[in-house]
$ cat my_file_0.txt   # compact mmCIF, C-alpha atoms
# COMPACT_ATOMS: atom_id res chain seq x y z
CA MET A 53 108.25 -46.32 -8.11
CA LEU A 54 106.50 -45.60 -11.36
CA PHE A 55 104.64 -48.47 -12.96
CA GLU A 56 103.50 -48.55 -16.54
CA SER A 57 100.92 -51.04 -17.68
CA ARG A 58 101.69 -53.29 -20.61
CA GLY A 59 100.28 -51.89 -23.81
CA ALA A 60 100.21 -48.39 -22.39
CA PRO A 61 101.58 -45.58 -24.53
CA THR A 62 105.22 -44.89 -23.74
CA ARG A 63 104.81 -41.12 -23.93
CA PRO A 64 103.42 -39.90 -20.60
CA ARG A 65 100.66 -37.32 -20.65
CA PRO A 66 100.33 -34.45 -18.21
CA GLY A 67 96.73 -35.18 -17.18
CA ARG A 68 93.90 -37.53 -17.95
CA GLU A 69 91.06 -36.17 -20.00
CA TRP A 70 87.43 -37.25 -20.28
CA SER A 71 88.18 -39.16 -23.48
CA ASP A 72 90.82 -41.20 -21.61
CA GLU A 73 88.38 -41.98 -18.82
CA ILE A 74 85.62 -43.04 -21.22
CA ASP A 75 88.02 -45.05 -23.37
CA ASP A 76 89.41 -46.92 -20.35
CA ALA A 77 85.92 -47.53 -18.95
CA VAL A 78 84.62 -48.92 -22.25
CA ARG A 79 87.71 -51.11 -22.63
CA GLY A 80 87.35 -52.33 -19.06
CA LEU A 81 83.66 -53.09 -19.55
CA ALA A 82 84.32 -54.91 -22.81
CA SER A 83 87.06 -57.00 -21.21
CA GLY A 84 84.82 -57.71 -18.21
CA PHE A 85 82.04 -58.90 -20.51
CA LEU A 86 84.42 -61.15 -22.47
CA ILE A 87 85.80 -62.85 -19.36
CA GLY A 88 82.76 -62.79 -17.12
CA ILE A 89 79.76 -63.52 -19.31
CA PRO A 90 80.29 -67.30 -19.60
CA VAL A 91 80.24 -67.48 -15.79
CA VAL A 92 77.25 -65.17 -15.52
CA PHE A 93 75.46 -67.32 -18.06
CA THR A 94 74.98 -70.29 -15.73
CA VAL A 95 71.67 -70.52 -13.97
CA ASP A 96 73.32 -72.23 -10.99
CA SER A 97 75.19 -69.00 -10.21
CA TRP A 98 71.84 -67.16 -10.20
CA TRP A 99 70.30 -69.66 -7.80
CA LEU A 100 73.39 -69.55 -5.63
CA GLY A 101 73.03 -65.76 -5.49
CA ASP A 102 69.35 -66.12 -4.58
CA GLN A 103 70.22 -68.25 -1.56
CA ASN A 104 73.00 -65.97 -0.35
CA GLU A 105 72.36 -64.03 2.81
CA PRO A 106 73.21 -60.32 2.42
CA LEU A 107 76.19 -60.56 4.77
CA ASP A 108 77.65 -63.43 2.71
CA SER A 109 77.18 -61.32 -0.40
CA LEU A 110 79.10 -58.43 1.17
CA THR A 111 81.90 -60.82 2.16
CA LEU A 112 82.09 -62.03 -1.44
CA LEU A 113 82.23 -58.41 -2.56
CA ALA A 114 85.17 -57.71 -0.22
CA PHE A 115 86.95 -60.83 -1.47
CA SER A 116 86.39 -59.72 -5.08
CA TYR A 117 87.89 -56.32 -4.26
CA VAL A 118 91.09 -57.91 -2.96
CA LEU A 119 91.39 -60.09 -6.08
CA THR A 120 90.69 -57.13 -8.33
CA LEU A 121 93.27 -55.02 -6.51
CA ALA A 122 95.91 -57.69 -7.14
CA ALA A 123 94.98 -57.85 -10.83
CA VAL A 124 94.93 -54.07 -11.19
CA TYR A 125 98.36 -53.85 -9.58
CA SER A 126 99.95 -56.43 -11.85
CA ILE A 127 98.07 -55.68 -15.10
CA GLY A 128 95.39 -52.98 -14.92
CA PHE A 129 92.90 -51.51 -17.33
CA ARG A 130 94.10 -47.92 -17.51
CA ARG A 131 96.66 -46.49 -19.85
CA GLY A 132 99.38 -44.25 -18.51
CA LEU A 133 101.37 -44.11 -15.33
CA ARG A 134 99.82 -45.53 -12.15
CA ARG A 135 101.30 -45.51 -8.69
CA GLY A 136 100.67 -45.91 -4.96
CA ARG A 137 97.14 -45.19 -3.86
CA GLN A 138 95.90 -44.99 -7.44
CA TYR A 139 95.76 -48.80 -7.52
CA PHE A 140 93.17 -48.78 -4.72
CA GLY A 141 91.05 -46.29 -6.67
CA ASP A 142 91.46 -48.28 -9.89
CA ALA A 143 90.27 -51.44 -8.11
CA VAL A 144 87.15 -49.59 -6.87
CA GLU A 145 86.52 -48.39 -10.42
CA ALA A 146 86.96 -51.92 -11.81
CA LEU A 147 84.48 -53.21 -9.23
CA ALA A 148 82.00 -50.43 -10.07
CA LEU A 149 82.29 -51.20 -13.80
CA ALA A 150 81.63 -54.87 -13.02
CA VAL A 151 78.55 -53.90 -10.96
CA LEU A 152 77.23 -51.77 -13.84
CA ALA A 153 77.92 -54.54 -16.37
CA LEU A 154 76.09 -57.09 -14.22
CA VAL A 155 73.16 -54.76 -13.60
CA ALA A 156 72.84 -54.29 -17.38
CA VAL A 157 73.03 -58.04 -18.08
CA PHE A 158 70.67 -59.12 -15.29
CA TRP A 159 68.25 -56.31 -16.12
CA ALA A 160 68.21 -57.29 -19.79
CA LEU A 161 67.57 -60.90 -18.79
CA GLY A 162 64.76 -59.80 -16.45
CA GLN A 163 66.58 -61.16 -13.40
CA ILE A 164 66.73 -57.96 -11.37
CA GLY A 165 64.49 -54.90 -11.24
CA ASP A 166 61.54 -56.94 -12.47
CA GLY A 167 59.75 -57.46 -9.17
CA GLN A 168 62.68 -59.21 -7.48
CA ALA A 169 63.73 -58.19 -3.97
CA PRO A 170 66.89 -56.05 -3.54
CA SER A 171 68.57 -58.91 -1.64
CA ILE A 172 68.27 -61.07 -4.78
CA ALA A 173 69.98 -58.38 -6.86
CA VAL A 174 72.80 -58.07 -4.30
CA GLY A 175 73.19 -61.86 -4.10
CA ARG A 176 73.31 -62.41 -7.85
CA ILE A 177 75.74 -59.54 -8.40
CA ALA A 178 77.99 -60.72 -5.55
CA VAL A 179 78.24 -64.27 -6.91
CA ALA A 180 79.07 -63.14 -10.44
CA ILE A 181 81.18 -60.07 -9.71
CA ALA A 182 84.62 -61.67 -9.28
CA PRO A 183 85.10 -62.95 -12.87
CA VAL A 184 83.70 -59.74 -14.36
CA SER A 185 85.81 -57.39 -12.22
CA LEU A 186 88.89 -59.52 -12.91
CA GLY A 187 88.07 -59.24 -16.60
CA VAL A 188 87.96 -55.45 -16.23
CA ALA A 189 91.21 -55.43 -14.27
CA ILE A 190 93.17 -57.34 -16.92
CA ALA A 191 91.95 -55.33 -19.92
CA ASN A 192 95.53 -54.24 -20.72
CA HIS A 193 96.63 -57.86 -21.01
CA LEU A 194 93.64 -59.45 -22.67
CA LEU A 195 94.77 -58.16 -26.03
CA ALA A 196 97.48 -55.59 -26.46
CA ARG A 197 96.19 -52.16 -27.34
CA ASP A 198 96.41 -50.99 -30.96
CA SER A 199 98.33 -53.93 -32.32
CA SER A 200 97.09 -56.93 -34.22
CA ARG A 201 98.15 -60.25 -35.64
CA ALA A 202 97.29 -58.77 -39.01
CA ASP A 203 100.13 -56.28 -38.72
CA SER A 204 102.85 -57.57 -40.97
CA ASP A 205 105.31 -56.57 -38.24
CA ALA A 206 103.88 -59.32 -36.07
CA GLY A 207 105.70 -61.73 -38.34
CA ASP A 208 103.43 -64.74 -37.98
CA ALA A 209 102.20 -66.77 -40.94
CA GLY A 210 98.60 -65.63 -40.65
CA ALA A 211 99.62 -62.00 -40.84
CA MET A 212 101.84 -62.65 -43.84
CA ARG A 213 99.10 -64.50 -45.70
CA LEU A 214 96.57 -61.75 -45.07
CA GLY A 215 98.89 -59.20 -46.63
CA GLY A 216 97.06 -55.88 -46.92
CA ARG A 217 93.84 -57.29 -45.42
CA ASP A 218 91.75 -55.91 -48.23
CA GLY A 219 88.54 -57.00 -49.85
CA TRP A 220 86.71 -60.29 -49.64
CA ARG A 221 89.59 -62.20 -48.10
CA HIS A 222 89.57 -59.90 -45.10
CA THR A 223 85.80 -60.21 -44.77
CA LEU A 224 85.91 -64.00 -44.99
CA VAL A 225 88.67 -64.20 -42.36
CA ASP A 226 86.60 -62.02 -40.02
CA LEU A 227 83.49 -64.12 -40.54
CA ALA A 228 85.43 -67.35 -40.00
CA ALA A 229 86.95 -65.90 -36.82
CA SER A 230 83.48 -64.88 -35.58
CA ALA A 231 82.15 -68.38 -36.26
CA ALA A 232 85.13 -69.97 -34.50
CA GLY A 233 84.73 -67.75 -31.42
CA ALA A 234 80.98 -68.40 -31.22
CA LEU A 235 81.50 -72.15 -31.72
CA PHE A 236 84.10 -72.26 -28.94
CA LEU A 237 81.67 -70.74 -26.46
CA CYS A 238 78.64 -72.73 -27.64
CA LEU A 239 80.54 -75.98 -27.11
CA ALA A 240 81.15 -74.93 -23.50
CA ILE A 241 77.55 -73.97 -22.71
CA VAL A 242 75.22 -76.17 -24.77
CA PRO A 243 76.30 -79.64 -23.52
CA VAL A 244 75.51 -78.78 -19.86
CA ASP A 245 71.96 -77.67 -20.80
CA ASP A 246 71.75 -74.66 -18.52
CA LEU A 247 70.08 -72.98 -21.44
CA THR A 248 66.73 -74.69 -20.85
CA ALA A 249 66.61 -73.37 -17.28
CA ILE A 250 67.74 -69.90 -18.41
CA ALA A 251 65.13 -69.88 -21.18
CA THR A 252 62.51 -70.70 -18.54
CA GLU A 253 63.66 -67.91 -16.23
CA VAL A 254 64.00 -65.11 -18.79
CA PRO A 255 60.72 -63.37 -19.74
CA PHE A 256 60.01 -63.52 -23.48
CA ARG A 257 59.47 -59.76 -23.63
CA ASN A 258 63.11 -59.22 -22.62
CA LEU A 259 64.59 -60.95 -25.68
CA PRO A 260 64.69 -57.79 -27.87
CA LEU A 261 66.68 -56.14 -25.05
CA VAL A 262 69.08 -59.09 -25.06
CA ILE A 263 69.59 -58.68 -28.83
CA LEU A 264 70.24 -54.94 -28.45
CA LEU A 265 72.69 -55.48 -25.59
CA SER A 266 74.52 -58.16 -27.61
CA LEU A 267 74.95 -55.76 -30.54
CA LEU A 268 75.96 -52.85 -28.30
CA VAL A 269 78.57 -54.84 -26.39
CA THR A 270 80.09 -56.48 -29.47
CA TYR A 271 80.29 -53.10 -31.22
CA SER A 272 82.01 -51.64 -28.15
CA VAL A 273 84.44 -54.55 -27.93
CA VAL A 274 85.58 -54.34 -31.54
CA PHE A 275 85.25 -50.67 -32.46
CA SER A 276 85.14 -48.50 -29.36
CA ALA A 277 87.25 -50.18 -26.73
CA GLY A 278 90.71 -49.44 -28.12
CA PHE A 279 91.54 -53.14 -28.31
CA ALA A 280 93.85 -54.72 -30.83
CA GLY A 281 93.80 -53.24 -34.30
CA GLU A 282 90.79 -50.99 -33.73
CA THR A 283 92.34 -48.15 -35.72
CA GLN A 284 93.09 -50.45 -38.60
CA ARG A 285 89.55 -51.89 -38.46
CA HIS A 286 88.10 -48.42 -38.92
CA ARG A 287 90.38 -47.92 -41.96
CA THR A 288 89.85 -51.29 -43.65
CA SER A 289 87.97 -51.35 -46.93
CA GLY A 290 86.02 -54.31 -48.23
CA PRO A 291 82.53 -55.74 -48.25
CA LEU A 292 80.73 -55.53 -44.87
CA GLN A 293 83.67 -53.66 -43.35
CA THR A 294 81.77 -50.70 -41.95
CA PRO A 295 81.50 -50.98 -38.15
CA PHE A 296 77.70 -51.28 -38.19
CA ALA A 297 77.59 -53.86 -41.00
CA GLU A 298 80.40 -55.93 -39.50
CA THR A 299 78.70 -55.94 -36.08
CA VAL A 300 75.34 -57.03 -37.48
CA VAL A 301 76.79 -59.66 -39.82
CA ALA A 302 79.01 -61.09 -37.07
CA TYR A 303 75.92 -61.30 -34.84
CA LEU A 304 74.05 -63.15 -37.57
CA VAL A 305 76.99 -65.56 -37.89
CA ALA A 306 76.85 -66.11 -34.10
CA LEU A 307 73.09 -66.79 -34.35
CA LEU A 308 73.68 -69.33 -37.11
CA VAL A 309 76.40 -71.09 -35.10
CA CYS A 310 74.12 -71.18 -32.03
CA LEU A 311 71.29 -72.64 -34.06
CA THR A 312 73.57 -75.31 -35.52
CA VAL A 313 75.09 -76.31 -32.15
CA LEU A 314 71.66 -76.42 -30.47
CA TRP A 315 70.49 -78.70 -33.29
CA LEU A 316 73.58 -80.92 -33.15
CA PHE A 317 73.23 -81.45 -29.39
CA GLY A 318 69.52 -82.16 -29.65
CA ARG A 319 68.46 -79.08 -27.68
CA ILE A 320 66.12 -78.20 -30.54
CA ASP A 321 64.64 -80.43 -33.22
CA ARG A 322 61.89 -80.53 -35.83
CA GLU A 323 59.28 -80.88 -33.10
CA SER A 324 60.44 -77.74 -31.24
CA ALA A 325 58.11 -74.76 -31.35
CA VAL A 326 59.40 -71.70 -33.22
CA ILE A 327 59.19 -69.65 -30.02
CA GLU A 328 61.45 -72.15 -28.18
CA VAL A 329 64.00 -72.14 -31.00
CA TYR A 330 63.96 -68.32 -31.07
CA THR A 331 64.32 -68.01 -27.28
CA LYS A 332 67.20 -70.48 -26.96
CA THR A 333 69.05 -69.11 -29.99
CA VAL A 334 68.80 -65.46 -28.93
CA LEU A 335 69.87 -66.26 -25.36
CA LEU A 336 72.82 -68.40 -26.44
CA ALA A 337 73.83 -65.77 -28.99
CA PHE A 338 74.33 -63.29 -26.14
CA PRO A 339 77.60 -64.82 -24.86
CA ALA A 340 78.37 -66.36 -28.27
CA SER A 341 78.37 -62.96 -30.01
CA MET A 342 80.90 -61.71 -27.44
CA ALA A 343 83.09 -64.73 -28.13
CA ALA A 344 82.66 -64.00 -31.84
CA ALA A 345 83.90 -60.45 -31.21
CA ALA A 346 86.89 -61.86 -29.32
CA GLY A 347 87.53 -64.14 -32.28
CA ARG A 348 87.61 -61.17 -34.67
CA LEU A 349 90.02 -59.34 -32.39
CA ALA A 350 92.34 -62.32 -32.48
CA VAL A 351 92.92 -62.10 -36.25
CA MET B 292 106.78 -34.13 -16.51
CA THR B 293 107.53 -34.30 -12.82
CA GLU B 294 106.41 -37.14 -10.55
CA ARG B 295 104.23 -34.66 -8.73
CA ALA B 296 102.40 -33.80 -11.95
CA ALA B 297 101.96 -37.47 -12.73
CA ARG B 298 100.48 -38.01 -9.26
CA ARG B 299 97.96 -35.16 -9.54
CA LYS B 300 94.43 -36.30 -10.44
CA SER B 301 92.49 -34.47 -13.14
CA ILE B 302 88.84 -33.51 -12.65
CA ALA B 303 87.83 -36.37 -14.96
CA GLU B 304 89.66 -38.84 -12.72
CA TRP B 305 88.06 -37.44 -9.58
CA VAL B 306 84.57 -37.62 -11.08
CA THR B 307 85.12 -41.21 -12.29
CA LEU B 308 86.42 -42.27 -8.90
CA SER B 309 83.56 -40.55 -7.06
CA LEU B 310 80.94 -42.22 -9.27
CA SER B 311 82.63 -45.59 -8.75
CA VAL B 312 82.63 -45.15 -4.97
CA LEU B 313 78.94 -44.20 -5.24
CA VAL B 314 78.07 -47.37 -7.22
CA VAL B 315 79.99 -49.74 -4.95
CA GLY B 316 78.78 -47.85 -1.84
CA ALA B 317 75.15 -48.18 -2.99
CA LEU B 318 75.58 -51.93 -3.35
CA ILE B 319 77.08 -52.17 0.15
CA ILE B 320 74.31 -50.04 1.67
CA VAL B 321 71.58 -52.15 0.04
CA GLY B 322 73.31 -55.28 1.37
CA LEU B 323 73.49 -53.85 4.91
CA VAL B 324 69.85 -52.70 4.86
CA GLU B 325 68.73 -56.13 3.65
CA GLU B 326 70.83 -57.81 6.35
CA SER B 327 69.26 -55.70 9.11
CA ARG B 328 65.77 -56.46 7.74
CA ARG B 329 66.65 -60.14 7.67
CA GLN B 330 67.76 -60.11 11.30
CA GLU B 331 64.57 -58.37 12.41
CA GLY B 332 62.23 -60.77 10.61
CA ASP B 333 60.84 -64.18 11.68
CA ALA B 334 63.09 -67.12 11.01
CA THR B 335 60.59 -68.90 8.78
CA ALA B 336 57.53 -67.40 7.23
CA LEU B 337 55.74 -68.18 4.00
CA GLN B 338 52.84 -66.16 2.71
CA VAL B 339 50.44 -67.74 0.22
CA THR B 340 47.79 -65.66 -1.54
CA PHE B 341 45.14 -66.75 -4.05
CA ASP B 342 43.93 -64.30 -6.66
CA THR B 343 40.41 -65.68 -7.14
CA GLU B 344 39.32 -62.56 -9.02
CA ARG B 345 41.67 -63.46 -11.86
CA ALA B 346 40.55 -67.10 -11.97
CA THR B 347 39.59 -68.44 -15.38
CA VAL B 348 37.45 -71.41 -16.40
CA ARG B 349 38.50 -73.96 -19.03
CA ASP B 350 37.06 -77.43 -19.62
CA LYS B 351 35.09 -77.35 -16.35
CA SER B 352 38.27 -76.56 -14.37
CA PHE B 353 39.05 -73.34 -12.54
CA TYR B 354 42.58 -71.92 -12.99
CA ILE B 355 43.36 -69.81 -9.93
CA PRO B 356 46.61 -67.77 -9.84
CA TYR B 357 48.51 -67.95 -6.56
CA THR B 358 51.67 -66.39 -5.15
CA VAL B 359 54.03 -67.82 -2.54
CA VAL B 360 56.35 -65.27 -0.89
CA ASN B 361 59.20 -66.03 1.49
CA THR B 362 58.71 -63.34 4.15
CA GLY B 363 61.08 -65.01 6.62
CA SER B 364 64.72 -64.28 7.37
CA GLU B 365 66.19 -67.37 5.70
CA ALA B 366 66.30 -68.51 2.10
CA ILE B 367 64.29 -71.69 1.47
CA ALA B 368 65.62 -74.53 -0.67
CA SER B 369 62.22 -76.19 -0.98
CA ALA B 370 58.77 -76.01 0.59
CA GLU B 371 55.84 -78.40 0.52
CA ILE B 372 52.50 -76.66 0.78
CA TRP B 373 48.99 -78.13 0.92
CA PHE B 374 46.20 -76.32 -0.88
CA GLU B 375 42.73 -77.17 0.42
CA VAL B 376 39.36 -76.24 -1.04
CA TYR B 377 36.58 -75.97 1.56
CA ASP B 378 32.85 -76.27 1.06
CA GLY B 379 31.76 -74.77 4.37
CA GLU B 380 33.65 -76.76 7.00
CA ARG B 381 34.37 -79.73 4.77
CA VAL B 382 37.50 -80.21 2.64
CA VAL B 383 36.32 -81.20 -0.83
CA GLU B 384 39.61 -81.08 -2.68
CA SER B 385 43.27 -80.86 -1.76
CA ALA B 386 46.59 -80.82 -3.56
CA GLU B 387 50.24 -80.61 -2.63
CA ILE B 388 52.58 -78.19 -4.35
CA ASN B 389 56.33 -78.08 -4.12
CA VAL B 390 58.21 -74.79 -4.36
CA GLN B 391 61.95 -74.77 -5.07
CA PHE B 392 64.49 -72.04 -4.32
CA LEU B 393 62.71 -69.21 -2.56
CA PRO B 394 65.30 -66.55 -1.72
CA LEU B 395 64.75 -63.86 0.89
CA GLN B 396 61.54 -62.09 -0.14
CA GLY B 397 61.54 -64.39 -3.16
CA LYS B 398 58.28 -64.89 -4.95
CA GLN B 399 56.90 -67.88 -6.83
CA ASN B 400 53.83 -67.45 -9.02
CA GLY B 401 51.72 -70.36 -10.17
CA VAL B 402 48.24 -71.48 -11.07
CA PHE B 403 46.17 -73.88 -8.94
CA VAL B 404 43.74 -75.98 -10.98
CA THR B 405 40.57 -77.17 -9.27
CA THR B 406 37.16 -78.42 -10.31
CA GLN B 407 35.52 -76.41 -7.51
CA ASP B 408 34.23 -72.90 -8.19
CA PRO B 409 36.28 -70.43 -6.09
CA ALA B 410 33.27 -68.11 -5.94
CA SER B 411 31.33 -70.61 -3.82
CA HIS B 412 34.24 -72.31 -2.03
CA SER B 413 37.06 -71.04 0.18
CA LEU B 414 40.74 -71.74 -0.41
CA HIS B 415 43.29 -72.34 2.33
CA SER B 416 46.98 -73.19 2.35
CA ARG B 417 49.07 -75.02 4.92
CA VAL B 418 52.86 -75.30 4.99
CA GLU B 419 53.81 -78.92 5.45
CA SER B 420 57.59 -78.83 5.45
CA LEU B 421 60.49 -76.54 4.66
CA GLN B 422 64.08 -77.26 3.68
CA PHE B 423 66.91 -74.78 3.94
CA PRO B 424 70.04 -74.49 1.78
$ encode --input "my_file_0.txt" --output "structure tokens"
Amino acid sequence: MLFESRGAPTRPRPGREWSDEIDDAVRGLASGFLIGIPVVFTVDSWWLGDQNEPLDSLTLLAFSYVLTLAAVYSIGFRRGLRRGRQYFGDAVEALALAVLALVAVFWALGQIGDGQAPSIAVGRIAVAIAPVSLGVAIANHLLARDSSRADSDAGDAGAMRLGGRDGWRHTLVDLAASAAGALFLCLAIVPVDDLTAIATEVPFRNLPLVILLSLLVTYSVVFSAGFAGETQRHRTSGPLQTPFAETVVAYLVALLVCLTVLWLFGRIDRESAVIEVYTKTVLLAFPASMAAAAGRLAV
Amino acid sequence: MTERAARRKSIAEWVTLSLSVLVVGALIIVGLVEESRRQEGDATALQVTFDTERATVRDKSFYIPYTVVNTGSEAIASAEIWFEVYDGERVVESAEINVQFLPLQGKQNGVFVTTQDPASHSLHSRVESLQFP
């Protein structure tokens, strides 16, 4: 039986090229980051991983593979026709992408490869891998490929109001969507105050890396991952509508939202040292900027 | 396009799959190696070292860096450790420290503050109790 993923092109291609592989991998990674980062960003999951014995970690890994296989079978992250044994290979690839994503995140946060034992790396990855690999495995469903609410064909009121999506109006809608996405995530993380523990654990010297990774991932999500309306985003004119400018400005919006929410919940105040404000804001902006990117994809 | 053509993997697909197997395989191998090391090690073992050469003096107090490493085969939820400063055979100062969450081979760095000069006194540590997850 031939199975075609939702959002996949209807015209089958004779073979998969490197560009297809890279495109699918970037889309899978972006989707994995979007779904998995809020879970990764809880210090309890790190401590849980620290206490895991290696055999428990491997059991978790096997369990994650089974879950990922089910998600790959029903949704998937690859375009084109998939069948039979290919699902098993796709699930391994989704798991490998999740491992790479987690290594990048934990390395940027100074939580692996910075003097920690290998068993700690395995434990932390094993605890966090299921949500990330599931995120990779449902990339085709997260947002349909190359379509957008802004397409007038979509027929909803927002799309009609946006019309041609030109100029300032388009820019303002994008910025508002970024702020809404960042706010949504901040309201989930800031009240539980994991951020103080995370800020204690992450070395200060790693914060520039965190900023770079935030920008790289959000750029990939919006402009390189083949998600909704990417083609149209590249074509759109208007202030701040170049990929680089939009990524940086959306990140700044996420920073501003983080700062505001931290202030509102009393996590920072006038007495806080500048270094504490900087650390907490940059760390919170890591998942918040990804939510901001998701917000922009939704409009 | 025939079903057979659709089934055939391109070189790009093979390379991607091979790299993925390599990444996941590496994670599994590291896990297995760590598990065998864990089974060979002592059940409980904590190693405490003082770095007196890097000690600093401030306001008549000596700040001595120390490291606690879990060298045993089980993760430790918390450990109570006594630090004792000896002047010859006599304990002249002692303090209790509490270490939380020491994973396998996990390391906790800290600074022990004492009024006694580490150059003329000796430092000892004694594990008082351990709790496991």
$ closest_atom_pairs --input "my_file_0.txt" --of "chain B" --to "chain A" --cutoff "6 Å" --atoms "all atoms listed in the file" --output "Markdown table"
| residue | atom | partner | partner_atom | distance |
| --- | --- | --- | --- | --- |
| B:Ser301 | CA | A:Arg68 | CA | 5.9 |
| B:Ala303 | CA | A:Trp70 | CA | 5.4 |
| B:Ser311 | CA | A:Ala148 | CA | 5.1 |
| B:Val314 | CA | A:Ala148 | CA | 5.7 |
| B:Val315 | CA | A:Ala148 | CA | 5.5 |
| B:Gly322 | CA | A:Pro106 | CA | 5.1 |
| B:Glu325 | CA | A:Ser171 | CA | 6.0 |
| B:Glu326 | CA | A:Pro106 | CA | 5.2 |
| B:Ala366 | CA | A:Gln103 | CA | 5.4 |
| B:Pro394 | CA | A:Asp102 | CA | 5.0 |
| B:Gln396 | CA | A:Ala169 | CA | 5.9 |
$ residues_around --input "my_file_0.txt" --residues "A:Leu227" --least-positions-apart "4" --cutoff "8 Å" --atoms "only C-alpha atoms" --output "PyMOL selection string"
chain A and resi 223+231+302+305+348
$ residues_around --input "my_file_0.txt" --residues "A:Leu265" --least-positions-apart "5" --cutoff "9 Å" --atoms "all atoms listed in the file" --output "PyMOL selection string"
chain A and resi 156-157+160+260+270+338
$ residues_around --input "my_file_0.txt" --residues "B:Gly379" --least-positions-apart "4" --cutoff "12 Å" --atoms "all atoms listed in the file" --output "list of chain:residue names"
B:Glu375, B:Val383, B:Ser411, B:His412, B:Ser413, B:Leu414, B:His415
$ closest_residue --input "my_file_0.txt" --among "B:Thr405, B:Thr340, B:Ser364, B:Ser369" --to "B:Asn389" --atoms "all atoms listed in the file"
B:Ser369
$ atom_distance --input "my_file_0.txt" --atom1 "atom CA of A:Ile190" --atom2 "atom CA of A:Val274"
16.7 Å
$ residues_near_point --input "my_file_0.txt" --point "(70.4, -74.6, -10.5)" --cutoff "10 Å" --atoms "all atoms listed in the file" --output "NGL selection string"
(:A and (94-100 or 246 or 249-250)) or (:B and (392))
